[in-house]
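Written out below as structure tokens is the structure these notes cover.
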Amino acid sequence: MSVFILLAVVLAIAAVLLIAVPLAKAGADTKPAPRAALGAALVIVLGSAGCYVTWSNWNWSPAPDGNLPQNMVARLSRQLERNPDDLQGWLMLGRSYVVLQQLPLAVRAFERADRLADGRNVDALVGLAEALALGDPAELDGRAGQLIERAIVLDPNSGKALFYGAAAALRHGALPLARERFKHLLALDPPAKVRPILEQEIASIDHELADQAQAPTAASAAAATAAPIAADSASVRLNVVLAPAIGASGADAVPLFVIVRDPHRPGPPLAVKRLESRFPQRVELTPADSMLPERRFAAGDTVQVIARIARSGQAMGATGDPFGEITYLVGHDGLTNLVIDRLTP
């Protein structure tokens, strides 16, 4: 656009010279006309500029892309390069990366904030744990769970720490601890949309605790004896294969996520496993791979199984991620091939 404007200015000057200069010069039988020359110049320059602005379709107001989240994050990142000890800046950068689903970068930002705070900042601990758990729910059994416990010690009223701490307790089967944390979170007056979710979780835990208390010892022993058989019958057994057409683009050293979902009920997955991207690979998922006890599959369920090569390192699919999916009848279908044969649009 700048080249076009420059050419337009040059052409306008040439037009002025062709018309105004002869008027300004004195000929053999004519007198110079400086006023006419000046008027002609003004008419040409101002008239052409006014007509172009009036009838052109060029948007003279620059697009406000400076406020796009990606641009704001880039500016914040540059500011932190100049001021690397800005704790609040690193926390804000970590939160921004979580919103943009750039979880590996979020982990690095929160780790930097945690180092600056010497492990004493609750927001840094919880942010780091959240980024890890969003990338791989199994992190709640490891590093993310440990970070959450440290955050709860520092601030027993941290809403996020209590929520993820309750989720970790559910994964471990510690129902009384999970209930206590959900109740504490409910007492902190959460948003109206969150209250029904917490109340439902507490009611579900109460129901399960009541069932455990009423079950006689003999029945418990029988259930314990039968548990391995039930768990085995409720497994999803796969042979994950990479299609030749995807081979070149799927050979990078990035994680493979195998996810079991309920096709009729949206929400958290029924089971998730994070693995290395090597093919072919046999995978088995059981109810033990679930994040929440009430979100598990059982024998007889028809589930959707997805295998995704996560180039971004995140469980959530991104454009260009190779994936494959099948429908699986738990307890009926045995070892089944799942072919990764397409790309996420």
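Order determines the names: the first chain of the structure tokens is A, the second B, and so forth; residues in each chain are numbered 1 upward, and ligands are numbered 1 upward as they are shown.
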
For A:Thr302, please output as a compact mmCIF listing (two decimals) with all heavy atoms, in the first residue's frame all residues within 7 Å (counting only C-alpha atoms; exclusion window: fewer than 4 positions along the same chain).
# COMPACT_ATOMS: atom_id res chain seq x y z
N THR A 327 -15.46 -47.65 17.57
CA THR A 327 -16.48 -47.95 18.57
C THR A 327 -16.18 -49.34 19.14
O THR A 327 -15.89 -50.27 18.39
CB THR A 327 -17.88 -47.92 17.94
OG1 THR A 327 -18.11 -46.60 17.42
CG2 THR A 327 -18.94 -48.23 18.98
N TYR A 328 -16.24 -49.45 20.48
CA TYR A 328 -15.79 -50.67 21.15
C TYR A 328 -16.85 -51.11 22.15
O TYR A 328 -17.33 -50.29 22.95
CB TYR A 328 -14.46 -50.39 21.85
CG TYR A 328 -13.74 -51.61 22.37
CD1 TYR A 328 -12.75 -52.23 21.63
CD2 TYR A 328 -14.03 -52.14 23.63
CE1 TYR A 328 -12.06 -53.34 22.11
CE2 TYR A 328 -13.36 -53.24 24.13
CZ TYR A 328 -12.37 -53.84 23.36
OH TYR A 328 -11.70 -54.93 23.84
N LEU A 329 -17.21 -52.39 22.11
CA LEU A 329 -18.17 -52.96 23.07
C LEU A 329 -17.36 -53.63 24.18
O LEU A 329 -16.73 -54.68 23.97
CB LEU A 329 -19.09 -53.96 22.38
CG LEU A 329 -20.13 -54.65 23.28
CD1 LEU A 329 -21.01 -53.61 23.98
CD2 LEU A 329 -20.98 -55.61 22.46
N VAL A 330 -17.38 -53.00 25.36
CA VAL A 330 -16.58 -53.48 26.48
C VAL A 330 -17.08 -54.84 26.95
O VAL A 330 -18.29 -55.06 27.11
CB VAL A 330 -16.63 -52.46 27.65
CG1 VAL A 330 -15.76 -52.94 28.81
CG2 VAL A 330 -16.19 -51.09 27.17

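Distances to A:Ala151 were evaluated for A:Leu177, A:Ala124, A:Ala133, A:Ile197 using only C-alpha atoms, and the minimum falls at A:Ala124.
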
Among the residues of stretch 120-286 of chain A, find those DSSP assigns to strand (DSSP E) from the backbone and print them as JSON, numbers by chain.
{"A": [236, 237, 238, 239, 240, 241, 242, 255, 256, 257, 258, 259, 260, 261, 271, 272, 273, 274, 275, 276, 281, 282, 283, 284, 285]}

Quick one: contact table of stretch 289-337 of chain A to stretch 200-216 of chain A, 12 Å max, nearest atom pair and distance in Å to one decimal per residue, counting only C-alpha atoms, chain and number order, as a tab-separated table?
residue	atom	partner	partner_atom	distance
A:Leu292	CA	A:Glu201	CA	10.0
A:Pro293	CA	A:Ile205	CA	9.5
A:Glu294	CA	A:Ser204	CA	7.8
A:Arg295	CA	A:Ser204	CA	11.4

Residues of the last selection are to be written out with N, CA and C atoms, as a PDB file, in the first residue's frame.
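This is the output file out_4.pdb:
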ATOM      1  N   LEU A 292     -12.260 -39.777  37.476  1.00  0.00           N
ATOM      2  CA  LEU A 292     -13.275 -39.680  38.518  1.00  0.00           C
ATOM      3  C   LEU A 292     -13.999 -41.020  38.646  1.00  0.00           C
ATOM      4  N   PRO A 293     -14.239 -41.484  39.870  1.00  0.00           N
ATOM      5  CA  PRO A 293     -14.878 -42.789  40.058  1.00  0.00           C
ATOM      6  C   PRO A 293     -16.237 -42.901  39.402  1.00  0.00           C
ATOM      7  N   GLU A 294     -16.990 -41.799  39.372  1.00  0.00           N
ATOM      8  CA  GLU A 294     -18.332 -41.888  38.798  1.00  0.00           C
ATOM      9  C   GLU A 294     -18.321 -41.816  37.270  1.00  0.00           C
ATOM     10  N   ARG A 295     -17.149 -41.588  36.679  1.00  0.00           N
ATOM     11  CA  ARG A 295     -17.013 -41.553  35.227  1.00  0.00           C
ATOM     12  C   ARG A 295     -16.136 -42.722  34.796  1.00  0.00           C
TER      13      ARG A 295
END

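Among the candidate residues A:Glu111, A:Asp262, A:Glu199, A:Asp155, the one lying nearest to A:Leu132 is A:Glu111, with distances computed using only C-alpha atoms.
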
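With atom CA of A:Ala74 on one side and atom CA of A:Ala109 on the other, the separation reads 13.1 Å.
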